[in-house]
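Data first, discussion second: the structure below is written as C-alpha coordinates.
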Amino acid sequence: MTKVKISGKRLIDKKVKSFDGKDLGKIKSITPEYVELKDGDKRYFVPKVHIKEHDKDLFVLLMEDEVKDKYDRAYPPLSSALHDAERTGEGYNSYHEVIPFMAKEPGLELKGEKTGDILKIPWEDVLHKHVRAADNVDIGDVDRVGNEFIVVREGVANIHMYYIPKQYITNYDGSSIWLDVPSGLVSAKFEREDEPTQEEIEMLLSEVPD
(Lines give C-alpha, C1' and ligand atoms only; values in the text may rest on other atoms or scores of the structure.)
Protein backbone atom coordinates (compact mmCIF):
# COMPACT_ATOMS: atom_id res chain seq x y z
CA MET A 1 0.00 0.00 0.00
CA THR A 2 1.25 3.47 -0.88
CA LYS A 3 1.23 5.60 2.26
CA VAL A 4 0.42 9.29 2.27
CA LYS A 5 3.41 11.26 3.47
CA ILE A 6 2.99 13.63 6.40
CA SER A 7 4.85 16.74 7.37
CA GLY A 8 5.33 17.49 11.08
CA LYS A 9 8.44 19.62 10.53
CA ARG A 10 8.02 21.35 13.88
CA LEU A 11 8.73 18.04 15.66
CA ILE A 12 11.94 17.11 13.88
CA ASP A 13 14.93 17.13 16.28
CA LYS A 14 12.64 17.31 19.33
CA LYS A 15 13.97 15.32 22.28
CA VAL A 16 11.89 12.36 23.46
CA LYS A 17 11.90 10.54 26.79
CA SER A 18 10.67 7.14 27.87
CA PHE A 19 7.83 6.81 30.39
CA ASP A 20 10.43 6.34 33.15
CA GLY A 21 12.16 9.59 32.18
CA LYS A 22 15.14 8.22 30.23
CA ASP A 23 16.39 10.05 27.13
CA LEU A 24 15.66 8.22 23.88
CA GLY A 25 17.24 10.73 21.51
CA LYS A 26 15.62 13.06 18.98
CA ILE A 27 12.94 12.68 16.31
CA LYS A 28 14.59 12.25 12.93
CA SER A 29 11.65 11.37 10.71
CA ILE A 30 7.90 10.81 10.82
CA THR A 31 5.78 8.55 8.61
CA PRO A 32 2.04 7.80 8.70
CA GLU A 33 2.82 4.80 10.95
CA TYR A 34 5.89 5.44 13.09
CA VAL A 35 8.36 7.98 14.48
CA GLU A 36 12.07 7.39 13.99
CA LEU A 37 14.21 8.33 17.01
CA LYS A 38 17.99 8.54 16.86
CA ASP A 39 20.20 8.37 19.92
CA GLY A 40 23.85 8.19 18.86
CA ASP A 41 24.17 4.99 16.84
CA LYS A 42 20.80 3.70 18.07
CA ARG A 43 17.62 3.99 15.98
CA TYR A 44 14.15 3.39 17.37
CA PHE A 45 11.12 3.03 15.09
CA VAL A 46 8.25 3.70 17.49
CA PRO A 47 4.56 3.44 16.45
CA LYS A 48 3.00 6.89 16.58
CA VAL A 49 0.29 5.72 18.94
CA HIS A 50 2.91 5.62 21.74
CA ILE A 51 4.16 9.20 21.25
CA LYS A 52 2.42 11.64 23.58
CA GLU A 53 2.95 15.07 25.10
CA HIS A 54 2.72 16.01 28.77
CA ASP A 55 3.73 19.36 30.29
CA LYS A 56 5.29 20.31 26.91
CA ASP A 57 7.67 17.32 26.95
CA LEU A 58 7.46 14.44 24.47
CA PHE A 59 7.27 10.89 25.76
CA VAL A 60 7.11 7.35 24.48
CA LEU A 61 4.58 5.82 26.85
CA LEU A 62 6.75 2.77 27.39
CA MET A 63 9.63 2.10 29.73
CA GLU A 64 13.15 2.51 28.30
CA ASP A 65 13.75 -1.25 28.35
CA GLU A 66 10.51 -1.86 26.45
CA VAL A 67 11.44 0.65 23.76
CA LYS A 68 14.87 -0.93 23.32
CA ASP A 69 13.49 -4.47 23.25
CA LYS A 70 10.69 -3.76 20.77
CA TYR A 71 11.85 -0.91 18.54
CA ASP A 72 15.67 -0.81 18.45
CA ARG A 73 16.38 -1.86 14.88
CA ALA A 74 18.28 -0.88 11.76
CA TYR A 75 15.21 -0.83 9.52
CA PRO A 76 11.53 0.16 9.87
CA PRO A 77 9.18 -2.44 11.39
CA LEU A 78 6.67 -4.56 9.54
CA SER A 79 3.10 -3.27 9.25
CA SER A 80 1.82 -6.20 11.36
CA ALA A 81 3.91 -5.05 14.33
CA LEU A 82 2.59 -1.52 13.98
CA HIS A 83 -1.02 -2.69 13.85
CA ASP A 84 -0.48 -4.68 17.06
CA ALA A 85 0.83 -1.51 18.72
CA GLU A 86 -2.28 0.46 17.71
CA ARG A 87 -4.50 -2.10 19.40
CA THR A 88 -2.59 -1.83 22.68
CA GLY A 89 -1.72 1.88 22.80
CA GLU A 90 -4.80 3.25 24.53
CA GLY A 91 -4.97 4.93 27.92
CA TYR A 92 -2.87 7.55 29.70
CA ASN A 93 -5.63 10.13 30.10
CA SER A 94 -3.28 12.87 31.35
CA TYR A 95 -1.34 12.72 28.08
CA HIS A 96 -2.52 13.81 24.67
CA GLU A 97 -1.75 13.00 21.05
CA VAL A 98 1.02 15.19 19.72
CA ILE A 99 1.44 13.64 16.28
CA PRO A 100 -2.02 13.21 14.74
CA PHE A 101 -2.31 10.55 12.08
CA MET A 102 -0.94 12.01 8.84
CA ALA A 103 -0.60 15.45 10.47
CA LYS A 104 -0.68 18.39 8.07
CA GLU A 105 0.99 21.75 8.44
CA PRO A 106 -1.64 24.47 9.09
CA GLY A 107 -2.95 27.08 6.70
CA LEU A 108 -3.43 25.13 3.47
CA GLU A 109 -5.64 26.93 0.98
CA LEU A 110 -8.29 24.86 -0.77
CA LYS A 111 -10.43 25.93 -3.69
CA GLY A 112 -14.15 25.43 -3.12
CA GLU A 113 -15.41 23.35 -6.02
CA LYS A 114 -18.87 24.93 -6.10
CA THR A 115 -18.15 28.60 -5.50
CA GLY A 116 -14.59 28.77 -6.78
CA ASP A 117 -13.72 30.65 -3.59
CA ILE A 118 -10.47 29.91 -1.78
CA LEU A 119 -11.15 28.18 1.53
CA LYS A 120 -8.46 29.00 4.09
CA ILE A 121 -8.98 26.09 6.43
CA PRO A 122 -6.87 25.96 9.63
CA TRP A 123 -6.29 22.21 9.59
CA GLU A 124 -4.84 22.23 13.12
CA ASP A 125 -8.26 23.39 14.39
CA VAL A 126 -10.59 20.97 12.62
CA LEU A 127 -9.88 17.83 14.67
CA HIS A 128 -13.09 16.61 16.36
CA LYS A 129 -15.25 19.12 14.44
CA HIS A 130 -18.52 17.92 12.88
CA VAL A 131 -18.67 16.87 9.25
CA ARG A 132 -21.91 17.39 7.33
CA ALA A 133 -22.97 15.95 3.99
CA ALA A 134 -24.59 18.01 1.23
CA ASP A 135 -28.06 17.20 2.63
CA ASN A 136 -27.06 18.59 6.07
CA VAL A 137 -26.75 15.14 7.70
CA ASP A 138 -24.01 14.91 10.36
CA ILE A 139 -21.82 11.97 9.30
CA GLY A 140 -19.33 12.11 12.21
CA ASP A 141 -16.32 14.05 13.47
CA VAL A 142 -12.86 14.70 12.06
CA ASP A 143 -10.57 12.09 13.59
CA ARG A 144 -7.36 12.74 11.61
CA VAL A 145 -6.08 15.09 8.93
CA GLY A 146 -3.96 13.96 6.00
CA ASN A 147 -2.18 15.70 3.17
CA GLU A 148 -4.89 14.74 0.69
CA PHE A 149 -7.88 13.70 2.78
CA ILE A 150 -9.59 13.92 6.16
CA VAL A 151 -10.54 10.88 8.21
CA VAL A 152 -14.02 11.03 9.71
CA ARG A 153 -15.15 8.79 12.58
CA GLU A 154 -18.83 7.98 12.99
CA GLY A 155 -20.29 6.11 15.97
CA VAL A 156 -19.02 4.94 19.35
CA ALA A 157 -19.78 1.24 19.76
CA ASN A 158 -20.26 0.58 16.04
CA ILE A 159 -17.52 2.70 14.46
CA HIS A 160 -17.30 3.66 10.78
CA MET A 161 -14.21 5.37 9.33
CA TYR A 162 -14.46 7.52 6.20
CA TYR A 163 -11.40 8.66 4.22
CA ILE A 164 -12.61 11.76 2.34
CA PRO A 165 -10.43 13.69 -0.14
CA LYS A 166 -10.22 17.37 0.75
CA GLN A 167 -11.51 18.35 -2.69
CA TYR A 168 -14.98 17.25 -1.53
CA ILE A 169 -14.97 19.99 1.13
CA THR A 170 -17.12 22.98 0.17
CA ASN A 171 -17.07 25.01 3.39
CA TYR A 172 -15.82 25.24 6.96
CA ASP A 173 -17.76 27.55 9.29
CA GLY A 174 -15.70 27.10 12.45
CA SER A 175 -17.83 24.30 13.86
CA SER A 176 -18.56 22.03 10.89
CA ILE A 177 -16.95 20.94 7.64
CA TRP A 178 -19.37 20.68 4.73
CA LEU A 179 -19.02 18.15 1.90
CA ASP A 180 -20.26 18.05 -1.67
CA VAL A 181 -21.66 14.53 -1.43
CA PRO A 182 -25.05 13.31 -0.10
CA SER A 183 -25.08 11.30 3.12
CA GLY A 184 -26.46 8.24 1.32
CA LEU A 185 -23.25 7.88 -0.70
CA VAL A 186 -20.72 8.53 2.08
CA SER A 187 -20.35 4.93 3.21
CA ALA A 188 -20.21 3.47 -0.30
CA LYS A 189 -17.59 5.96 -1.52
CA PHE A 190 -15.39 6.58 1.51
CA GLU A 191 -15.68 3.87 4.17
CA ARG A 192 -12.54 1.77 4.64
CA GLU A 193 -10.71 -0.12 7.37
CA ASP A 194 -7.28 1.12 6.24
CA GLU A 195 -5.81 4.11 4.44
CA PRO A 196 -6.68 4.21 0.75
CA THR A 197 -3.99 3.42 -1.78
CA GLN A 198 -2.72 6.14 -4.07
CA GLU A 199 -4.77 4.57 -6.89
CA GLU A 200 -7.94 4.76 -4.76
CA ILE A 201 -7.20 8.39 -3.89
CA GLU A 202 -6.79 9.26 -7.57
CA MET A 203 -10.04 7.46 -8.41
CA LEU A 204 -11.94 9.42 -5.75
CA LEU A 205 -10.40 12.67 -6.93
CA SER A 206 -11.58 11.95 -10.46
CA GLU A 207 -15.13 11.67 -9.12
CA VAL A 208 -15.20 15.06 -7.39
CA PRO A 209 -18.29 16.95 -8.66
CA ASP A 210 -17.59 19.75 -11.16
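Every chain in the C-alpha coordinates has a letter given in the order shown (A, B, ...), and although residue numbers restart at 1 in each chain, ligands are simply numbered from 1 in the order shown.
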(request) List the neighbours of stretch 55-63 of chain A out to 8 Å using only C-alpha atoms; skip same-chain residues closer than 3 positions along the sequence, and give me the result as a ChimeraX atom specification. (result) /A:14-20,46,50-52,66-67
(message) Quick check, in Å to one decimal: how far apart do atom CA of A:Asp141 and atom CA of A:Ile159 lie?
(response) 11.5 Å
(request) Figure out the distance between atom CA of A:Arg144 and atom CA of A:Asp13, please, to one decimal in Å. (result) 23.2 Å
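Using only C-alpha atoms, the shortest contact distance between A:Pro209 and any of A:Tyr75, A:Tyr168, A:Trp178, A:Trp123 is found at A:Tyr168.
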Neighbour list for A:Val186 as a CSV table (one decimal) with N, CA and C atoms, in the first residue's frame, cut-off 10 Å, only C-alpha atoms, skip fewer than 2 positions in-chain:
```
chain,number,residue,atom,x,y,z
A,133,ALA,N,-22.8,16.3,5.4
A,133,ALA,CA,-23.0,16.0,4.0
A,133,ALA,C,-23.8,17.1,3.3
A,139,ILE,N,-22.3,13.3,9.6
A,139,ILE,CA,-21.8,12.0,9.3
A,139,ILE,C,-20.7,11.6,10.3
A,162,TYR,N,-14.4,7.0,7.6
A,162,TYR,CA,-14.5,7.5,6.2
A,162,TYR,C,-13.2,8.3,5.8
A,163,TYR,N,-12.6,8.0,4.7
A,163,TYR,CA,-11.4,8.7,4.2
A,163,TYR,C,-11.9,9.5,3.1
A,164,ILE,N,-12.0,10.9,3.3
A,164,ILE,CA,-12.6,11.8,2.3
A,164,ILE,C,-11.6,12.7,1.8
A,179,LEU,N,-19.5,18.9,3.0
A,179,LEU,CA,-19.0,18.2,1.9
A,179,LEU,C,-20.0,18.2,0.7
A,181,VAL,N,-21.2,15.9,-1.2
A,181,VAL,CA,-21.7,14.5,-1.4
A,181,VAL,C,-22.8,14.2,-0.5
A,182,PRO,N,-23.9,13.6,-1.0
A,182,PRO,CA,-25.0,13.3,-0.1
A,182,PRO,C,-24.7,12.2,0.9
A,183,SER,N,-25.4,12.3,2.0
A,183,SER,CA,-25.1,11.3,3.1
A,183,SER,C,-25.3,9.9,2.7
A,184,GLY,N,-26.2,9.6,1.8
A,184,GLY,CA,-26.5,8.2,1.3
A,184,GLY,C,-25.3,7.6,0.6
A,188,ALA,N,-20.6,4.2,0.9
A,188,ALA,CA,-20.2,3.5,-0.3
A,188,ALA,C,-18.9,4.0,-0.9
A,189,LYS,N,-18.7,5.3,-0.9
A,189,LYS,CA,-17.6,6.0,-1.5
A,189,LYS,C,-16.4,6.0,-0.6
A,190,PHE,N,-16.5,6.2,0.7
A,190,PHE,CA,-15.4,6.6,1.5
A,190,PHE,C,-15.1,5.6,2.7
A,191,GLU,N,-15.9,4.7,3.0
A,191,GLU,CA,-15.7,3.9,4.2
A,191,GLU,C,-14.6,2.8,3.9
```
